[in-house]
$ cat entry-v2.txt   # compact mmCIF, C-alpha atoms
# COMPACT_ATOMS: atom_id res chain seq x y z
CA MET T 170 31.00 12.30 -21.53
CA SER T 171 28.06 10.57 -23.23
CA ASN T 172 27.63 11.05 -26.98
CA THR T 173 23.91 10.18 -26.80
CA THR T 174 21.83 12.55 -28.94
CA GLU T 175 18.21 13.62 -28.52
CA THR T 176 17.32 11.35 -31.43
CA ASP T 177 19.03 8.41 -29.69
CA ILE T 178 17.12 9.12 -26.48
CA GLU T 179 13.79 9.25 -28.32
CA GLN T 180 14.53 5.95 -30.10
CA ILE T 181 15.42 4.26 -26.81
CA GLY T 182 11.94 5.05 -25.53
CA ASP T 183 10.19 3.97 -28.71
CA ASN T 184 12.17 0.73 -28.78
CA HIS T 185 11.07 -0.14 -25.24
CA ILE T 186 14.61 -0.52 -23.92
CA SER T 187 15.15 -1.12 -20.20
CA SER T 188 18.51 -0.68 -18.52
CA SER T 189 18.12 -3.12 -15.61
CA VAL T 190 15.82 -5.51 -13.78
CA GLU T 191 15.96 -2.98 -10.95
CA THR T 192 13.90 0.20 -11.18
CA PRO T 193 16.39 3.08 -11.64
CA ILE T 194 15.95 4.88 -8.31
CA ARG T 195 18.50 7.30 -6.86
CA SER T 196 20.08 6.46 -3.50
CA ASP T 197 18.67 9.66 -1.96
CA ALA T 198 15.15 9.10 -3.29
CA PHE T 199 13.51 8.94 0.13
CA VAL T 200 15.40 11.62 2.02
CA MET T 201 12.53 13.96 1.15
CA ASP T 202 9.21 13.16 2.86
CA ASP T 203 5.95 12.73 0.95
CA ASP T 204 4.50 16.11 1.94
CA LEU T 205 7.49 17.98 0.53
CA LYS T 206 7.44 15.87 -2.63
CA ILE T 207 3.77 16.75 -3.13
CA GLU T 208 4.47 20.43 -2.58
CA LEU T 209 7.34 20.51 -5.08
CA ILE T 210 5.62 18.39 -7.73
CA ALA T 211 2.52 20.61 -7.49
CA LYS T 212 4.70 23.68 -8.02
CA HIS T 213 6.37 22.21 -11.11
CA PHE T 214 3.15 20.79 -12.55
CA LYS T 215 1.51 24.19 -12.16
CA GLU T 216 4.34 25.61 -14.29
CA ILE T 217 3.78 22.90 -16.92
CA MET T 218 0.10 23.81 -17.08
CA HIS T 219 1.03 27.49 -17.36
CA ILE T 220 3.43 26.78 -20.23
CA LEU T 221 0.67 24.83 -22.00
CA GLY T 222 -1.45 27.97 -21.84
CA LEU T 223 -4.07 26.83 -19.34
CA ASP T 224 -5.87 29.38 -17.17
CA LEU T 225 -4.99 28.42 -13.61
CA GLU T 226 -7.51 30.93 -12.24
CA ASP T 227 -10.33 28.79 -13.63
CA ASP T 228 -12.19 27.04 -10.79
CA SER T 229 -11.88 23.67 -12.53
CA LEU T 230 -8.08 23.92 -12.81
CA LYS T 231 -7.07 25.62 -9.56
CA GLY T 232 -6.66 22.40 -7.60
CA THR T 233 -5.21 20.30 -10.43
CA PRO T 234 -1.49 20.74 -9.61
CA ASN T 235 -1.99 19.53 -6.05
CA ARG T 236 -4.32 16.72 -7.11
CA VAL T 237 -1.79 15.47 -9.65
CA ALA T 238 1.09 15.71 -7.17
CA LYS T 239 -0.82 13.80 -4.49
CA MET T 240 -1.84 11.16 -7.04
CA TYR T 241 1.76 10.70 -8.17
CA VAL T 242 3.17 10.27 -4.66
CA LYS T 243 0.35 8.49 -2.84
CA GLU T 244 -1.17 6.42 -5.61
CA ILE T 245 0.19 5.70 -9.08
CA PHE T 246 3.89 5.88 -8.15
CA SER T 247 3.58 4.68 -4.55
CA GLY T 248 5.42 1.48 -5.50
CA LEU T 249 8.67 3.42 -5.70
CA ASN T 250 8.77 3.67 -1.91
CA PRO T 251 9.92 0.46 -0.20
CA ALA T 252 7.90 1.50 2.86
CA ASN T 253 4.81 0.58 0.81
CA LYS T 254 6.00 -2.95 0.04
CA PRO T 255 3.32 -5.41 1.21
CA ASP T 256 4.04 -7.61 4.18
CA VAL T 257 3.63 -11.29 3.31
CA ALA T 258 2.69 -13.74 6.06
CA LEU T 259 3.27 -17.39 5.18
CA PHE T 260 1.41 -20.36 6.60
CA GLU T 261 2.25 -24.02 6.86
CA ASN T 262 0.86 -26.05 4.01
CA LYS T 263 -0.97 -28.33 6.44
CA TYR T 264 -3.33 -29.72 3.81
CA LYS T 265 -0.30 -30.93 1.80
CA TYR T 266 -1.43 -29.34 -1.44
CA LYS T 267 1.30 -30.28 -3.93
CA GLU T 268 -0.06 -28.96 -7.23
CA MET T 269 0.34 -25.52 -8.70
CA LEU T 270 -1.84 -22.69 -7.45
CA VAL T 271 -2.90 -20.35 -10.24
CA GLU T 272 -4.32 -16.86 -9.81
CA LYS T 273 -5.59 -15.41 -13.07
CA ASP T 274 -6.68 -11.98 -14.23
CA ILE T 275 -5.03 -9.81 -11.59
CA SER T 276 -5.83 -6.31 -12.81
CA PHE T 277 -3.14 -3.67 -12.60
CA TYR T 278 -2.43 -0.13 -13.74
CA SER T 279 1.10 1.03 -14.34
CA ASN T 280 2.82 3.81 -16.28
CA CYS T 281 5.30 3.64 -19.13
CA GLU T 282 8.62 5.08 -17.96
CA HIS T 283 9.37 6.42 -21.43
CA HIS T 284 6.27 8.60 -21.83
CA PHE T 285 4.53 8.51 -18.42
CA VAL T 286 1.25 7.30 -19.88
CA PRO T 287 -0.75 4.32 -18.57
CA ILE T 288 -0.12 0.62 -19.03
CA VAL T 289 -3.33 -1.30 -18.32
CA GLY T 290 -3.22 -5.04 -17.99
CA LYS T 291 -3.68 -8.34 -16.24
CA ALA T 292 -1.17 -10.61 -14.56
CA HIS T 293 -1.53 -14.39 -14.34
CA VAL T 294 0.55 -15.97 -11.60
CA ALA T 295 1.23 -19.49 -10.36
CA TYR T 296 3.42 -21.10 -7.72
CA ILE T 297 4.12 -24.56 -6.35
CA SER T 298 4.38 -24.70 -2.58
CA HIS T 299 7.59 -25.84 -0.91
CA GLY T 300 5.91 -26.18 2.46
CA LYS T 301 4.41 -22.70 2.74
CA VAL T 302 1.25 -21.04 1.40
CA VAL T 303 0.11 -17.42 1.33
CA GLY T 304 -3.19 -15.55 1.44
CA LEU T 305 -4.33 -14.96 -2.12
CA SER T 306 -4.72 -11.20 -1.76
CA LYS T 307 -0.99 -10.92 -1.03
CA ILE T 308 -0.22 -12.04 -4.59
CA ASN T 309 -2.42 -9.23 -5.92
CA ARG T 310 -0.68 -6.76 -3.61
CA ILE T 311 2.77 -7.80 -4.83
CA VAL T 312 1.70 -7.38 -8.46
CA ASN T 313 0.29 -3.94 -7.79
CA TYR T 314 3.24 -2.81 -5.68
CA PHE T 315 5.63 -3.29 -8.59
CA ALA T 316 3.10 -1.93 -11.10
CA LYS T 317 2.79 1.35 -9.21
CA ARG T 318 5.99 2.86 -10.52
CA PRO T 319 7.29 3.96 -13.93
CA GLN T 320 7.80 0.65 -15.70
CA VAL T 321 8.54 -1.35 -18.79
CA GLN T 322 6.55 -4.57 -19.01
CA GLU T 323 9.57 -6.86 -19.26
CA ARG T 324 11.02 -5.51 -16.02
CA LEU T 325 7.65 -5.65 -14.26
CA THR T 326 7.30 -9.34 -15.16
CA VAL T 327 10.73 -10.27 -13.79
CA GLN T 328 10.33 -8.15 -10.65
CA ILE T 329 7.06 -9.87 -9.76
CA ALA T 330 8.57 -13.32 -10.33
CA ASN T 331 11.68 -12.54 -8.26
CA GLU T 332 9.63 -11.13 -5.39
CA LEU T 333 7.28 -14.11 -5.38
CA MET T 334 10.21 -16.53 -5.24
CA GLU T 335 11.61 -14.71 -2.22
CA ALA T 336 8.31 -14.02 -0.47
CA LEU T 337 6.81 -17.50 -0.96
CA GLN T 338 10.08 -19.33 -0.34
CA THR T 339 9.74 -21.41 -3.49
CA PRO T 340 11.80 -21.56 -6.71
CA ASP T 341 8.74 -22.55 -8.72
CA ILE T 342 7.02 -19.45 -10.09
CA ALA T 343 5.19 -18.57 -13.31
CA VAL T 344 4.16 -15.07 -14.35
CA VAL T 345 2.41 -14.06 -17.57
CA ILE T 346 1.40 -10.45 -18.19
CA GLU T 347 -0.80 -9.13 -20.98
CA ALA T 348 -1.19 -5.37 -21.26
CA THR T 349 -2.23 -2.46 -23.40
CA HIS T 350 0.26 0.41 -23.60
CA LEU T 351 -1.21 3.84 -24.17
CA CYS T 352 2.17 4.98 -25.53
CA VAL T 353 1.29 2.67 -28.45
CA SER T 354 -2.49 3.14 -28.63
CA SER T 355 -2.83 6.89 -27.95
CA ARG T 356 0.33 8.28 -29.60
CA GLY T 357 2.95 7.23 -32.13
CA ILE T 358 1.56 4.38 -34.22
CA LYS T 359 -1.87 4.75 -32.51
CA ASP T 360 -2.66 1.04 -32.61
CA ALA T 361 -5.60 0.65 -30.25
CA THR T 362 -6.04 -3.12 -30.57
CA SER T 363 -2.60 -4.66 -29.99
CA LYS T 364 -1.50 -6.11 -26.65
CA THR T 365 1.90 -7.02 -25.28
CA VAL T 366 2.47 -10.39 -23.58
CA THR T 367 5.52 -11.19 -21.43
CA SER T 368 6.36 -14.19 -19.26
CA GLU T 369 8.82 -15.47 -16.69
CA PHE T 370 9.10 -19.14 -15.68
CA THR T 371 11.36 -20.42 -12.93
CA GLY T 372 12.07 -23.80 -11.33
CA GLU T 373 9.55 -26.51 -12.19
CA PHE T 374 7.75 -24.17 -14.56
CA GLN T 375 10.69 -24.38 -16.95
CA ASP T 376 9.74 -28.02 -17.52
CA PRO T 377 7.62 -28.11 -20.71
CA GLN T 378 4.92 -30.31 -19.17
CA THR T 379 4.47 -28.09 -16.12
CA LYS T 380 4.60 -24.92 -18.22
CA ASN T 381 1.98 -26.28 -20.62
CA GLU T 382 -0.28 -27.24 -17.72
CA PHE T 383 -0.11 -23.65 -16.47
CA LEU T 384 -0.68 -22.20 -19.94
CA LYS T 385 -3.78 -24.40 -20.36
CA TYR T 386 -5.39 -22.46 -17.54
CA LEU T 387 -4.76 -19.29 -19.53
CA GLU T 388 -6.25 -20.36 -22.83
CA ASN T 389 -9.07 -17.87 -22.42
CA LEU T 390 -6.82 -14.79 -22.26
CA SER T 391 -9.04 -11.82 -23.00
$ encode --input "entry-v2.txt" --output "structure tokens"
Amino acid sequence: MSNTTETDIEQIGDNHISSSVETPIRSDAFVMDDDLKIELIAKHFKEIMHILGLDLEDDSLKGTPNRVAKMYVKEIFSGLNPANKPDVALFENKYKYKEMLVEKDISFYSNCEHHFVPIVGKAHVAYISHGKVVGLSKINRIVNYFAKRPQVQERLTVQIANELMEALQTPDIAVVIEATHLCVSSRGIKDATSKTVTSEFTGEFQDPQTKNEFLKYLENLS
């Protein structure tokens, strides 16, 4: 039996601890279809609103439980479902482009798994082709797929890098993420100006010269 106390649990969240590079999803997570999930989440969210003292007969609030439930399942947590993983079609690198390809400022919205409040940020990604190239929008879709789940930024960074290595069939990947966490800016310490930066470099990007070339493209981080 675990001896973890409520205080320990609270400190784990505040200290930004993550248990694994894999998102902690139960094995039976997708036995229930989306419609039933929406129905049940709406029921429970309605109870939360009731406990908070809100008047659910008010015209403005009547539809909120269902709107929130649909948003959770179909939008902001849709990345939990592997059925929503983007398909990535690769193409032969017929123009023999051998340098790094950098895609900067990929906007994403995620949610902190410790407090379920937004993480708003940008991802900067690069890869070096090993004979295959990909449509640029697919990189954005991969970033957003992993962002659309309860996250910690460190895990998100590694998940994106691992998926890009597999999807693009190259060991040479760079990922830098800069983000604002509302669990820091809107509660707790309430620091509205700080940002968190994480990175993952694999293959050739672990070489200082290659890494520095990539980072030069990012000198104008906002």
$ residues_around --input "entry-v2.txt" --residues "segment 234-239 of chain T" --least-positions-apart "6" --cutoff "10 Å" --atoms "only C-alpha atoms" --output "ChimeraX atom specification"
/T:203-204,206-218,225,245-246
$ residues_around --input "entry-v2.txt" --residues "Pro287 of chain T" --least-positions-apart "4" --cutoff "10 Å" --atoms "all atoms listed in the file" --output "list in words"
Ile245, Tyr278, Ser279, Asn280, Cys281, Glu282, Pro319, Gln320, Thr349, His350, Leu351, Cys352 and Ser355 of chain T
$ write_last_selection --input "entry-v2.txt" --atoms "C-alpha atoms" --output "PDB file, in the frame of the given file"
ATOM      1  CA  ILE T 245       0.190   5.700  -9.080  1.00  0.00           C
ATOM      2  CA  TYR T 278      -2.430  -0.130 -13.740  1.00  0.00           C
ATOM      3  CA  SER T 279       1.100   1.030 -14.340  1.00  0.00           C
ATOM      4  CA  ASN T 280       2.820   3.810 -16.280  1.00  0.00           C
ATOM      5  CA  CYS T 281       5.300   3.640 -19.130  1.00  0.00           C
ATOM      6  CA  GLU T 282       8.620   5.080 -17.960  1.00  0.00           C
ATOM      7  CA  PRO T 319       7.290   3.960 -13.930  1.00  0.00           C
ATOM      8  CA  GLN T 320       7.800   0.650 -15.700  1.00  0.00           C
ATOM      9  CA  THR T 349      -2.230  -2.460 -23.400  1.00  0.00           C
ATOM     10  CA  HIS T 350       0.260   0.410 -23.600  1.00  0.00           C
ATOM     11  CA  LEU T 351      -1.210   3.840 -24.170  1.00  0.00           C
ATOM     12  CA  CYS T 352       2.170   4.980 -25.530  1.00  0.00           C
ATOM     13  CA  SER T 355      -2.830   6.890 -27.950  1.00  0.00           C
TER      14      SER T 355
END
$ atom_distance --input "entry-v2.txt" --atom1 "atom CA of Asn331 of chain T" --atom2 "atom CA of Tyr264 of chain T"
25.8 Å
$ closest_residue --input "entry-v2.txt" --among "T:Glu272, T:Glu347, T:Lys385, T:Glu191" --to "Ser363 of chain T" --atoms "all atoms listed in the file"
T:Glu347
$ residues_around --input "entry-v2.txt" --residues "Gly304 of chain T" --least-positions-apart "2" --cutoff "10 Å" --atoms "only C-alpha atoms" --output "ChimeraX atom specification"
/T:257-260,302,306-309
$ closest_residue --input "entry-v2.txt" --among "T:Leu384, T:Val242, T:Ile275, T:Ile342" --to "Ala295 of chain T" --atoms "only C-alpha atoms"
T:Ile342
$ closest_atom_pairs --input "entry-v2.txt" --of "segment 215-278 of chain T" --to "segment 366-383 of chain T" --cutoff "12 Å" --atoms "all atoms listed in the file" --output "Markdown table"
| residue | atom | partner | partner_atom | distance |
| --- | --- | --- | --- | --- |
| T:Glu268 | CA | T:Thr379 | CA | 10.0 |
| T:Met269 | CA | T:Phe383 | CA | 8.0 |
| T:Leu270 | CA | T:Phe383 | CA | 9.2 |
| T:Val271 | CA | T:Phe383 | CA | 7.6 |
| T:Glu272 | CA | T:Phe383 | CA | 10.4 |
| T:Lys273 | CA | T:Phe383 | CA | 10.5 |
$ atom_distance --input "entry-v2.txt" --atom1 "atom CA of Leu249 of chain T" --atom2 "atom CA of Arg318 of chain T"
5.5 Å
